[in-house]
Amino acid sequence: ITMKCIPFSELKTERLYLRRLVESDWEVISYLRTDKEVNKLVKRPNADTKDKAIDFIEKTIEGIDTGKIYYWCISLKTRPDMIGSICLWNISEDRKTAETGYDLSPEYQRKGIMQEAMQCVLDFGFKTLHLKMIEAYTHKKNEPSKNLLVRNNFILNKKRKDRDNKDNAIYEKVSNSSIATGRRDHQK
């Protein structure tokens, strides 16, 4: 059964504009996916050339257009340029579970920006997409990421292991409606 896809929406918070990715973001995508500081605890394909960055953007936009991914460029309301990203992806076939991922340019870290973006995206995931659970895979040594997840009521699931990266820990956040009814849907 294919579940109905909710179209992508741009989101706004007090300070942030979470907008659609565009091809002209390629330089920031390239930076975020190659910078040593941003990627020191992340294993992912880099985008060290304009072609690789544009290829990533095209695949992401295709995923957005087909409802397979919700990917937002984080920008300040006062400046439209991309400073980071946050997404919901790896959406289960029944559209009840998704994974979140995020990155932020180092100069904007430790300012509460990702906290603000995360709260907005969690709200979208649970209230608009009606997800039952959002999970996050983060490196066991990535303290800022783990702190962000814990601050947003994600719980470490010690029983689950990331088959693709033994250094990752898996955190889960169950929707309040699932908690209220006592249900936890873990099937993928």
# chains A, B, ... in the order shown; residues from 1 in each chain; ligands from 1
call {"tool": "residues_around", "arguments": {"residues": "A:Thr34", "least_positions_apart": "6", "cutoff": "7 Å", "atoms": "only C-alpha atoms", "output": "ChimeraX atom specification"}}
result
/A:46-48
call {"tool": "residues_around", "arguments": {"residues": "A:Lys146", "least_positions_apart": "6", "cutoff": "12 Å", "atoms": "only C-alpha atoms", "output": "mmCIF file with all heavy atoms, in the first residue's frame"}}
result
data_model
loop_
_atom_site.group_PDB
_atom_site.id
_atom_site.type_symbol
_atom_site.label_atom_id
_atom_site.label_comp_id
_atom_site.auth_asym_id
_atom_site.auth_seq_id
_atom_site.Cartn_x
_atom_site.Cartn_y
_atom_site.Cartn_z
ATOM 1 N N LEU A 41 32.914 13.464 12.560
ATOM 2 C CA LEU A 41 32.255 12.289 13.140
ATOM 3 C C LEU A 41 31.116 11.774 12.259
ATOM 4 O O LEU A 41 30.226 11.073 12.725
ATOM 5 C CB LEU A 41 31.723 12.631 14.546
ATOM 6 C CG LEU A 41 32.810 12.999 15.571
ATOM 7 C CD1 LEU A 41 32.178 13.500 16.856
ATOM 8 C CD2 LEU A 41 33.735 11.830 15.850
ATOM 9 N N GLN A 115 18.711 23.742 17.494
ATOM 10 C CA GLN A 115 17.610 23.463 18.420
ATOM 11 C C GLN A 115 16.298 24.018 17.853
ATOM 12 O O GLN A 115 15.280 23.344 17.836
ATOM 13 C CB GLN A 115 17.919 24.076 19.800
ATOM 14 C CG GLN A 115 16.781 24.017 20.798
ATOM 15 C CD GLN A 115 16.428 22.614 21.260
ATOM 16 O OE1 GLN A 115 17.182 21.674 21.083
ATOM 17 N NE2 GLN A 115 15.249 22.469 21.829
ATOM 18 N N ALA A 136 17.327 8.998 14.959
ATOM 19 C CA ALA A 136 18.546 9.710 14.569
ATOM 20 C C ALA A 136 19.733 8.799 14.817
ATOM 21 O O ALA A 136 19.829 8.174 15.874
ATOM 22 C CB ALA A 136 18.692 10.994 15.377
ATOM 23 N N TYR A 137 20.609 8.709 13.849
ATOM 24 C CA TYR A 137 21.844 7.944 13.962
ATOM 25 C C TYR A 137 22.951 8.962 14.142
ATOM 26 O O TYR A 137 23.141 9.827 13.288
ATOM 27 C CB TYR A 137 22.101 7.142 12.682
ATOM 28 C CG TYR A 137 21.128 6.003 12.451
ATOM 29 C CD1 TYR A 137 19.766 6.216 12.301
ATOM 30 C CD2 TYR A 137 21.600 4.694 12.363
ATOM 31 C CE1 TYR A 137 18.887 5.170 12.084
ATOM 32 C CE2 TYR A 137 20.730 3.636 12.136
ATOM 33 C CZ TYR A 137 19.370 3.886 11.999
ATOM 34 O OH TYR A 137 18.515 2.844 11.787
ATOM 35 N N THR A 138 23.672 8.888 15.241
ATOM 36 C CA THR A 138 24.748 9.847 15.471
ATOM 37 C C THR A 138 25.962 9.132 16.044
ATOM 38 O O THR A 138 25.816 8.100 16.703
ATOM 39 C CB THR A 138 24.279 11.001 16.397
ATOM 40 O OG1 THR A 138 25.250 12.042 16.348
ATOM 41 C CG2 THR A 138 24.081 10.560 17.825
ATOM 42 N N HIS A 139 27.131 9.666 15.767
ATOM 43 C CA HIS A 139 28.367 9.062 16.255
ATOM 44 C C HIS A 139 28.366 9.070 17.786
ATOM 45 O O HIS A 139 27.975 10.059 18.406
ATOM 46 C CB HIS A 139 29.576 9.838 15.714
ATOM 47 C CG HIS A 139 30.869 9.129 15.873
ATOM 48 N ND1 HIS A 139 31.494 8.984 17.093
ATOM 49 C CD2 HIS A 139 31.657 8.501 14.966
ATOM 50 C CE1 HIS A 139 32.615 8.309 16.931
ATOM 51 N NE2 HIS A 139 32.752 8.004 15.647
ATOM 52 N N LYS A 140 28.818 7.968 18.370
ATOM 53 C CA LYS A 140 28.839 7.831 19.834
ATOM 54 C C LYS A 140 29.638 8.934 20.517
ATOM 55 O O LYS A 140 29.398 9.245 21.677
ATOM 56 C CB LYS A 140 29.403 6.464 20.231
ATOM 57 C CG LYS A 140 28.481 5.314 19.855
ATOM 58 C CD LYS A 140 29.152 3.966 20.074
ATOM 59 C CE LYS A 140 28.242 2.844 19.583
ATOM 60 N NZ LYS A 140 28.931 1.575 19.468
ATOM 61 N N ASN A 152 15.724 17.242 22.969
ATOM 62 C CA ASN A 152 14.459 17.113 22.241
ATOM 63 C C ASN A 152 13.745 15.799 22.541
ATOM 64 O O ASN A 152 12.922 15.339 21.756
ATOM 65 C CB ASN A 152 14.710 17.310 20.742
ATOM 66 C CG ASN A 152 14.935 18.766 20.432
ATOM 67 O OD1 ASN A 152 13.996 19.545 20.399
ATOM 68 N ND2 ASN A 152 16.187 19.156 20.253
ATOM 69 N N ASN A 153 14.099 15.199 23.680
ATOM 70 C CA ASN A 153 13.418 14.002 24.192
ATOM 71 C C ASN A 153 13.580 12.759 23.340
ATOM 72 O O ASN A 153 12.719 11.882 23.339
ATOM 73 C CB ASN A 153 11.931 14.293 24.458
ATOM 74 C CG ASN A 153 11.770 15.412 25.459
ATOM 75 O OD1 ASN A 153 12.402 15.406 26.507
ATOM 76 N ND2 ASN A 153 10.956 16.400 25.117
ATOM 77 N N PHE A 154 14.690 12.671 22.608
ATOM 78 C CA PHE A 154 15.043 11.413 21.954
ATOM 79 C C PHE A 154 15.656 10.524 23.036
ATOM 80 O O PHE A 154 16.308 11.020 23.960
ATOM 81 C CB PHE A 154 16.098 11.634 20.863
ATOM 82 C CG PHE A 154 15.560 12.136 19.560
ATOM 83 C CD1 PHE A 154 15.224 13.477 19.411
ATOM 84 C CD2 PHE A 154 15.414 11.289 18.476
ATOM 85 C CE1 PHE A 154 14.744 13.961 18.200
ATOM 86 C CE2 PHE A 154 14.942 11.759 17.264
ATOM 87 C CZ PHE A 154 14.605 13.105 17.123
ATOM 88 N N ILE A 155 15.456 9.231 22.900
ATOM 89 C CA ILE A 155 15.991 8.275 23.872
ATOM 90 C C ILE A 155 16.918 7.313 23.144
ATOM 91 O O ILE A 155 16.576 6.780 22.083
ATOM 92 C CB ILE A 155 14.843 7.512 24.567
ATOM 93 C CG1 ILE A 155 14.007 8.518 25.380
ATOM 94 C CG2 ILE A 155 15.367 6.397 25.450
ATOM 95 C CD1 ILE A 155 12.679 7.986 25.847
ATOM 96 N N LEU A 156 18.096 7.088 23.720
ATOM 97 C CA LEU A 156 19.051 6.137 23.159
ATOM 98 C C LEU A 156 18.455 4.733 23.232
ATOM 99 O O LEU A 156 17.996 4.297 24.282
ATOM 100 C CB LEU A 156 20.356 6.180 23.954
ATOM 101 C CG LEU A 156 21.414 5.130 23.602
ATOM 102 C CD1 LEU A 156 21.906 5.291 22.167
ATOM 103 C CD2 LEU A 156 22.576 5.219 24.579
ATOM 104 N N ASN A 168 28.078 4.447 15.387
ATOM 105 C CA ASN A 168 26.845 5.214 15.588
ATOM 106 C C ASN A 168 26.009 4.670 16.732
ATOM 107 O O ASN A 168 26.003 3.468 17.005
ATOM 108 C CB ASN A 168 25.977 5.187 14.327
ATOM 109 C CG ASN A 168 26.391 6.247 13.331
ATOM 110 O OD1 ASN A 168 27.161 7.144 13.649
ATOM 111 N ND2 ASN A 168 25.868 6.149 12.127
ATOM 112 N N ALA A 169 25.308 5.576 17.383
ATOM 113 C CA ALA A 169 24.279 5.238 18.363
ATOM 114 C C ALA A 169 22.946 5.637 17.732
ATOM 115 O O ALA A 169 22.890 6.578 16.935
ATOM 116 C CB ALA A 169 24.507 6.012 19.657
ATOM 117 N N ILE A 170 21.889 4.906 18.078
ATOM 118 C CA ILE A 170 20.576 5.192 17.501
ATOM 119 C C ILE A 170 19.658 5.738 18.589
ATOM 120 O O ILE A 170 19.452 5.103 19.626
ATOM 121 C CB ILE A 170 19.968 3.928 16.853
ATOM 122 C CG1 ILE A 170 20.916 3.382 15.771
ATOM 123 C CG2 ILE A 170 18.583 4.243 16.275
ATOM 124 C CD1 ILE A 170 20.529 2.024 15.211
ATOM 125 N N TYR A 171 19.143 6.917 18.329
ATOM 126 C CA TYR A 171 18.210 7.584 19.240
ATOM 127 C C TYR A 171 16.822 7.580 18.602
ATOM 128 O O TYR A 171 16.709 7.658 17.380
ATOM 129 C CB TYR A 171 18.657 9.027 19.500
ATOM 130 C CG TYR A 171 19.849 9.123 20.413
ATOM 131 C CD1 TYR A 171 21.131 8.833 19.967
ATOM 132 C CD2 TYR A 171 19.687 9.505 21.745
ATOM 133 C CE1 TYR A 171 22.229 8.917 20.811
ATOM 134 C CE2 TYR A 171 20.783 9.585 22.600
ATOM 135 C CZ TYR A 171 22.046 9.297 22.125
ATOM 136 O OH TYR A 171 23.124 9.372 22.973
ATOM 137 N N GLU A 172 15.800 7.507 19.439
ATOM 138 C CA GLU A 172 14.428 7.453 18.937
ATOM 139 C C GLU A 172 13.549 8.429 19.711
ATOM 140 O O GLU A 172 13.721 8.622 20.911
ATOM 141 C CB GLU A 172 13.845 6.053 19.131
ATOM 142 C CG GLU A 172 14.620 4.972 18.410
ATOM 143 C CD GLU A 172 14.189 3.556 18.795
ATOM 144 O OE1 GLU A 172 13.564 3.368 19.864
ATOM 145 O OE2 GLU A 172 14.489 2.648 18.009
#
call {"tool": "residues_around", "arguments": {"residues": "A:Glu107", "least_positions_apart": "5", "cutoff": "12 Å", "atoms": "only C-alpha atoms", "output": "mmCIF file with N, CA, C and O atoms, in the first residue's frame"}}
result
data_model
loop_
_atom_site.group_PDB
_atom_site.id
_atom_site.type_symbol
_atom_site.label_atom_id
_atom_site.label_comp_id
_atom_site.auth_asym_id
_atom_site.auth_seq_id
_atom_site.Cartn_x
_atom_site.Cartn_y
_atom_site.Cartn_z
ATOM 1 N N LEU A 32 29.683 21.982 3.349
ATOM 2 C CA LEU A 32 29.160 21.188 4.466
ATOM 3 C C LEU A 32 29.521 19.706 4.349
ATOM 4 O O LEU A 32 29.653 19.017 5.347
ATOM 5 N N GLU A 37 35.799 19.869 10.060
ATOM 6 C CA GLU A 37 35.115 20.067 11.342
ATOM 7 C C GLU A 37 33.680 19.517 11.295
ATOM 8 O O GLU A 37 33.253 18.791 12.178
ATOM 9 N N VAL A 38 32.943 19.852 10.233
ATOM 10 C CA VAL A 38 31.547 19.405 10.095
ATOM 11 C C VAL A 38 31.479 17.882 9.988
ATOM 12 O O VAL A 38 30.565 17.250 10.524
ATOM 13 N N ILE A 83 22.997 28.058 5.707
ATOM 14 C CA ILE A 83 24.030 27.894 6.738
ATOM 15 C C ILE A 83 24.085 26.464 7.263
ATOM 16 O O ILE A 83 24.969 26.098 8.018
ATOM 17 N N GLY A 84 23.103 25.659 6.866
ATOM 18 C CA GLY A 84 23.055 24.273 7.303
ATOM 19 C C GLY A 84 21.854 23.594 6.678
ATOM 20 O O GLY A 84 21.180 24.172 5.817
ATOM 21 N N ILE A 113 20.607 27.550 17.018
ATOM 22 C CA ILE A 113 19.989 27.487 15.692
ATOM 23 C C ILE A 113 19.460 26.084 15.390
ATOM 24 O O ILE A 113 18.321 25.919 14.958
#
call {"tool": "select_by_dssp", "arguments": {"residues": "stretch 9-184 of chain A", "states": "strand (DSSP E or B)", "output": "PyMOL selection string"}}
result
chain A and resi 11-12+16-19+70-76+79-89+97-104+133-139+155-156+168-174
call {"tool": "residues_around", "arguments": {"residues": "A:Gly125", "least_positions_apart": "4", "cutoff": "8 Å", "atoms": "only C-alpha atoms", "output": "ChimeraX atom specification"}}
result
/A:88,121,129-131,134
call {"tool": "residues_around", "arguments": {"residues": "A:Asp51", "least_positions_apart": "6", "cutoff": "12 Å", "atoms": "only C-alpha atoms", "output": "PyMOL selection string"}}
result
chain A and resi 23+26-27+29-30+57-58
call {"tool": "residues_around", "arguments": {"residues": "A:Cys5", "least_positions_apart": "2", "cutoff": "10 Å", "atoms": "only C-alpha atoms", "output": "number ranges by chain"}}
result
A: 2-3, 7-8, 65-68, 95, 129
call {"tool": "write_last_selection", "arguments": {"atoms": "all heavy atoms", "output": "compact mmCIF listing (two decimals), in the first residue's frame"}}
result
# COMPACT_ATOMS: atom_id res chain seq x y z
N THR A 2 0.65 2.14 -0.91
CA THR A 2 1.39 3.40 -0.86
C THR A 2 0.58 4.42 -0.09
O THR A 2 -0.60 4.59 -0.35
CB THR A 2 1.72 3.94 -2.28
OG1 THR A 2 0.70 3.53 -3.16
CG2 THR A 2 3.06 3.49 -2.76
N MET A 3 1.26 5.02 0.87
CA MET A 3 0.60 6.02 1.69
C MET A 3 0.66 7.35 0.96
O MET A 3 1.58 7.62 0.21
CB MET A 3 1.30 6.13 3.05
CG MET A 3 1.39 4.82 3.81
SD MET A 3 -0.17 4.24 4.41
CE MET A 3 -0.31 5.19 5.90
N PRO A 7 2.92 17.11 0.59
CA PRO A 7 3.89 17.93 -0.14
C PRO A 7 4.86 18.65 0.80
O PRO A 7 4.53 18.95 1.94
CB PRO A 7 3.02 18.94 -0.90
CG PRO A 7 1.62 18.48 -0.77
CD PRO A 7 1.54 17.54 0.39
N PHE A 8 6.04 18.93 0.28
CA PHE A 8 7.07 19.67 0.99
C PHE A 8 6.54 21.07 1.34
O PHE A 8 5.85 21.70 0.54
CB PHE A 8 8.31 19.81 0.10
CG PHE A 8 9.41 20.63 0.70
CD1 PHE A 8 10.30 20.05 1.59
CD2 PHE A 8 9.54 21.98 0.41
CE1 PHE A 8 11.31 20.81 2.16
CE2 PHE A 8 10.55 22.74 0.98
CZ PHE A 8 11.44 22.15 1.86
N ASP A 65 10.50 15.99 -4.47
CA ASP A 65 9.36 16.01 -5.39
C ASP A 65 8.56 14.72 -5.37
O ASP A 65 7.37 14.72 -5.68
CB ASP A 65 9.84 16.31 -6.82
CG ASP A 65 10.35 17.74 -6.98
OD1 ASP A 65 10.05 18.59 -6.09
OD2 ASP A 65 11.04 18.02 -7.97
N THR A 66 9.20 13.61 -5.02
CA THR A 66 8.50 12.32 -4.98
C THR A 66 8.08 11.93 -3.56
O THR A 66 7.57 10.83 -3.35
CB THR A 66 9.38 11.19 -5.58
OG1 THR A 66 10.62 11.14 -4.86
CG2 THR A 66 9.67 11.44 -7.06
N GLY A 67 8.29 12.83 -2.60
CA GLY A 67 7.84 12.57 -1.23
C GLY A 67 8.70 11.57 -0.47
O GLY A 67 8.28 11.05 0.57
N LYS A 68 9.91 11.29 -0.96
CA LYS A 68 10.79 10.33 -0.29
C LYS A 68 11.65 10.99 0.78
O LYS A 68 12.23 10.32 1.62
CB LYS A 68 11.70 9.63 -1.32
CG LYS A 68 10.95 8.67 -2.22
CD LYS A 68 11.93 7.99 -3.18
CE LYS A 68 11.30 6.87 -3.94
NZ LYS A 68 10.48 7.30 -5.06
N ARG A 95 5.12 4.86 6.11
CA ARG A 95 5.20 6.29 6.41
C ARG A 95 4.92 6.60 7.88
O ARG A 95 4.37 7.63 8.21
CB ARG A 95 4.31 7.10 5.46
CG ARG A 95 4.71 6.87 3.99
CD ARG A 95 4.17 7.82 3.00
NE ARG A 95 4.70 9.16 3.04
CZ ARG A 95 5.86 9.56 2.51
NH1 ARG A 95 6.65 8.71 1.92
NH2 ARG A 95 6.23 10.82 2.56
N LEU A 129 3.10 15.20 9.08
CA LEU A 129 3.30 13.89 8.43
C LEU A 129 2.68 12.74 9.23
O LEU A 129 2.59 11.63 8.73
CB LEU A 129 4.80 13.62 8.22
CG LEU A 129 5.56 14.61 7.35
CD1 LEU A 129 7.03 14.20 7.24
CD2 LEU A 129 4.93 14.73 5.97
